[in-house]
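Contents: one structure, followed by commentary.
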Amino acid sequence: MPIPRQELLLAEDWMFFVFLICILLIAWSRLSEPGQLRRMVNSAFNIRLMRQEMREETQHRITRIIYLTVFSFMTGMCIYATLRITAPNMTPGIHPALFFLVLSASVGLIYMGKSLVVRLVSHIAAGDFSLSEYLYSLLHLNQVSGILLLPMMLVVAYSAQKAASAALTAAAAMLGLMLLYRWFRGVISALSNGVPLFYIFFYLCTLEILPLLVIAKAIR
C-alpha cells in the first residue's frame, strides 16, 4: 500500500532524477568494469588489497570519478535532508534542487581542495611521508561511503517519517565511523613510515578537524 505523500520526510520530485542518475552511473561502471565494485568494497578494509588497487589506479580512473560523483550527490542529499528537518525554511528564494546541487558541489570541491593541499604539502616537504597513500585511502573510503549511502538515502526520501529519520541517523553514523576509521588507518600508516606524531596531529587539526568545524559553523 503506498505511503501518503504527507507522511514522507522528503519525496521531492527532483530527487527521483538524482537517484536515477546515481543508479545509472553505478550500472554503467559495473558493465565497463564488472569486478571493480566488489574489489573496491573488499579493499576498503584490507590495507594490502588497497595498496594493490592504488598501484592500478590509472586503470580505474573513470570508475573512481563515477563513485566519487555518487558520494558527492549522496552526501549532499544527507546534508540537505538534515537541514530540511532542522530548518524547514532554509532556502527562501532558492529552488531546493539548486540548493542541493550547491551542497553536493561543495562536498566535491572540499575534497578536491584537500587533495591539492596534500599534494602541495608533499611537494614542499620534498617527500611522500605516506601522504599519497592517505590521500588514496581518503578518496577510496569516500567511494565506498557513496555506495552505502545510496540505499539509506532512498529510504530517507521514500519512507514514512519514523523509518526515514532512523535511516538518516544511520547514514550520519556511518559517515562518522568512516571518518574515524580513515583517521585511525592514516595515523597507523604514518607512524609505521616514521612520521613524527607532532606532524600527524598538526595535519589532523588543520586539514581534517578544522574544516569540519568551519562547515558545522556555516550550516548553523
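Ligands are numbered from 1 in the order shown, chains are lettered A, B, ... in the order of the C-alpha cells, and residues start at 1 in each chain.
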
Task: Selection near A:Trp28, 10 Å with only C-alpha atoms, sequence-local residues under 5 positions removed, as a ChimeraX atom specification - done: /A:22-23,33-34,63,66

Task: Of the listed residues A:Leu131, A:Leu25, A:Leu83, A:Leu98, that which approaches A:Phe71 most closely, counting only C-alpha atoms - done: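 Of A:Leu131, A:Leu25, A:Leu83, A:Leu98, the one nearest A:Phe71, counting only C-alpha atoms, is A:Leu25.
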
TODO: Give me the residues within 9 Å of stretch 44-47 of chain A as a list in words, counting only C-alpha atoms and dropping any in the same chain fewer than 5 places off.
DONE: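 Skipping anything fewer than 5 positions along the chain leaves Arg39, Gln52, Ser137, His140, Leu141, Val144 and Arg185 of chain A.
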
- [ ] Can you pull out every residue within 12 Å of A:Val155, counting only C-alpha atoms, but drop anything in the same chain fewer than 2 positions away, and send it as a list of chain:residue names?
- [x]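 So, after excluding close chain neighbours, the residues are A:Leu8, A:Leu9, A:Leu10, A:Ala11, A:Phe19, A:Met77, A:Cys78, A:Ala81, A:Leu148, A:Leu149, A:Leu150, A:Pro151, A:Met152, A:Met153, A:Ala157, A:Tyr158, A:Ser159, A:Ala160, A:Gln161, A:Lys162, A:Ala163, A:Ala164, A:Ser165, A:Ala166, A:Ala167, A:Leu168, A:Thr169, A:Ala170, A:Ala171.
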
Could you write those residues out with N, CA and C atoms, as a PDB file, in the first residue's frame?
```pdb
ATOM      1  N   LEU A   8       5.673  11.311   4.159  1.00  0.00           N
ATOM      2  CA  LEU A   8       7.067  11.146   3.761  1.00  0.00           C
ATOM      3  C   LEU A   8       7.902  12.306   4.275  1.00  0.00           C
ATOM      4  N   LEU A   9       9.175  12.024   4.555  1.00  0.00           N
ATOM      5  CA  LEU A   9      10.061  13.057   5.080  1.00  0.00           C
ATOM      6  C   LEU A   9      10.454  14.050   3.992  1.00  0.00           C
ATOM      7  N   LEU A  10      10.780  13.535   2.778  1.00  0.00           N
ATOM      8  CA  LEU A  10      11.215  14.394   1.676  1.00  0.00           C
ATOM      9  C   LEU A  10      10.350  14.160   0.446  1.00  0.00           C
ATOM     10  N   ALA A  11      10.717  13.157  -0.361  1.00  0.00           N
ATOM     11  CA  ALA A  11       9.971  12.780  -1.565  1.00  0.00           C
ATOM     12  C   ALA A  11       9.702  13.953  -2.496  1.00  0.00           C
ATOM     13  N   PHE A  19      18.550  10.175  -7.850  1.00  0.00           N
ATOM     14  CA  PHE A  19      18.762   8.756  -7.595  1.00  0.00           C
ATOM     15  C   PHE A  19      18.925   7.977  -8.905  1.00  0.00           C
ATOM     16  N   MET A  77      22.837  15.012  -0.404  1.00  0.00           N
ATOM     17  CA  MET A  77      21.460  14.649  -0.062  1.00  0.00           C
ATOM     18  C   MET A  77      21.306  14.467   1.447  1.00  0.00           C
ATOM     19  N   CYS A  78      22.314  13.860   2.073  1.00  0.00           N
ATOM     20  CA  CYS A  78      22.275  13.653   3.527  1.00  0.00           C
ATOM     21  C   CYS A  78      22.257  14.990   4.260  1.00  0.00           C
ATOM     22  N   ALA A  81      18.829  16.678   3.644  1.00  0.00           N
ATOM     23  CA  ALA A  81      17.757  16.086   4.451  1.00  0.00           C
ATOM     24  C   ALA A  81      17.864  16.524   5.907  1.00  0.00           C
ATOM     25  N   LEU A 148      27.246   2.986   0.064  1.00  0.00           N
ATOM     26  CA  LEU A 148      26.453   2.654   1.244  1.00  0.00           C
ATOM     27  C   LEU A 148      25.360   3.693   1.504  1.00  0.00           C
ATOM     28  N   LEU A 149      25.629   4.935   1.150  1.00  0.00           N
ATOM     29  CA  LEU A 149      24.650   5.996   1.387  1.00  0.00           C
ATOM     30  C   LEU A 149      23.436   5.895   0.465  1.00  0.00           C
ATOM     31  N   LEU A 150      23.645   5.386  -0.747  1.00  0.00           N
ATOM     32  CA  LEU A 150      22.564   5.380  -1.740  1.00  0.00           C
ATOM     33  C   LEU A 150      21.295   4.694  -1.234  1.00  0.00           C
ATOM     34  N   PRO A 151      21.348   3.429  -0.762  1.00  0.00           N
ATOM     35  CA  PRO A 151      20.094   2.815  -0.262  1.00  0.00           C
ATOM     36  C   PRO A 151      19.550   3.520   0.972  1.00  0.00           C
ATOM     37  N   MET A 152      20.450   4.037   1.823  1.00  0.00           N
ATOM     38  CA  MET A 152      19.981   4.748   3.020  1.00  0.00           C
ATOM     39  C   MET A 152      19.195   5.992   2.646  1.00  0.00           C
ATOM     40  N   MET A 153      19.701   6.743   1.666  1.00  0.00           N
ATOM     41  CA  MET A 153      19.014   7.973   1.275  1.00  0.00           C
ATOM     42  C   MET A 153      17.728   7.676   0.502  1.00  0.00           C
ATOM     43  N   ALA A 157      14.189   9.267   1.614  1.00  0.00           N
ATOM     44  CA  ALA A 157      13.329  10.029   0.708  1.00  0.00           C
ATOM     45  C   ALA A 157      11.946   9.414   0.537  1.00  0.00           C
ATOM     46  N   TYR A 158      11.836   8.085   0.593  1.00  0.00           N
ATOM     47  CA  TYR A 158      10.577   7.433   0.209  1.00  0.00           C
ATOM     48  C   TYR A 158       9.994   6.529   1.282  1.00  0.00           C
ATOM     49  N   SER A 159      10.289   6.825   2.549  1.00  0.00           N
ATOM     50  CA  SER A 159       9.696   6.068   3.649  1.00  0.00           C
ATOM     51  C   SER A 159       8.940   7.019   4.565  1.00  0.00           C
ATOM     52  N   ALA A 160       8.113   6.438   5.413  1.00  0.00           N
ATOM     53  CA  ALA A 160       7.409   7.246   6.419  1.00  0.00           C
ATOM     54  C   ALA A 160       8.436   7.889   7.344  1.00  0.00           C
ATOM     55  N   GLN A 161       8.029   8.941   8.019  1.00  0.00           N
ATOM     56  CA  GLN A 161       8.982   9.777   8.739  1.00  0.00           C
ATOM     57  C   GLN A 161       9.788   9.022   9.796  1.00  0.00           C
ATOM     58  N   LYS A 162       9.184   8.077  10.481  1.00  0.00           N
ATOM     59  CA  LYS A 162       9.907   7.358  11.527  1.00  0.00           C
ATOM     60  C   LYS A 162      11.048   6.545  10.936  1.00  0.00           C
ATOM     61  N   ALA A 163      10.758   5.783   9.888  1.00  0.00           N
ATOM     62  CA  ALA A 163      11.800   4.984   9.233  1.00  0.00           C
ATOM     63  C   ALA A 163      12.827   5.881   8.556  1.00  0.00           C
ATOM     64  N   ALA A 164      12.356   6.980   7.970  1.00  0.00           N
ATOM     65  CA  ALA A 164      13.268   7.905   7.291  1.00  0.00           C
ATOM     66  C   ALA A 164      14.234   8.546   8.279  1.00  0.00           C
ATOM     67  N   SER A 165      13.736   8.943   9.435  1.00  0.00           N
ATOM     68  CA  SER A 165      14.601   9.545  10.451  1.00  0.00           C
ATOM     69  C   SER A 165      15.640   8.551  10.950  1.00  0.00           C
ATOM     70  N   ALA A 166      15.225   7.290  11.124  1.00  0.00           N
ATOM     71  CA  ALA A 166      16.167   6.253  11.557  1.00  0.00           C
ATOM     72  C   ALA A 166      17.244   6.025  10.495  1.00  0.00           C
ATOM     73  N   ALA A 167      16.838   6.007   9.226  1.00  0.00           N
ATOM     74  CA  ALA A 167      17.804   5.811   8.141  1.00  0.00           C
ATOM     75  C   ALA A 167      18.765   6.992   8.037  1.00  0.00           C
ATOM     76  N   LEU A 168      18.262   8.202   8.269  1.00  0.00           N
ATOM     77  CA  LEU A 168      19.126   9.386   8.223  1.00  0.00           C
ATOM     78  C   LEU A 168      20.145   9.355   9.364  1.00  0.00           C
ATOM     79  N   THR A 169      19.698   8.933  10.537  1.00  0.00           N
ATOM     80  CA  THR A 169      20.621   8.790  11.673  1.00  0.00           C
ATOM     81  C   THR A 169      21.689   7.748  11.371  1.00  0.00           C
ATOM     82  N   ALA A 170      21.264   6.629  10.760  1.00  0.00           N
ATOM     83  CA  ALA A 170      22.220   5.577  10.392  1.00  0.00           C
ATOM     84  C   ALA A 170      23.221   6.078   9.357  1.00  0.00           C
ATOM     85  N   ALA A 171      22.746   6.887   8.413  1.00  0.00           N
ATOM     86  CA  ALA A 171      23.643   7.435   7.381  1.00  0.00           C
ATOM     87  C   ALA A 171      24.684   8.357   8.004  1.00  0.00           C
TER      88      ALA A 171
END
```
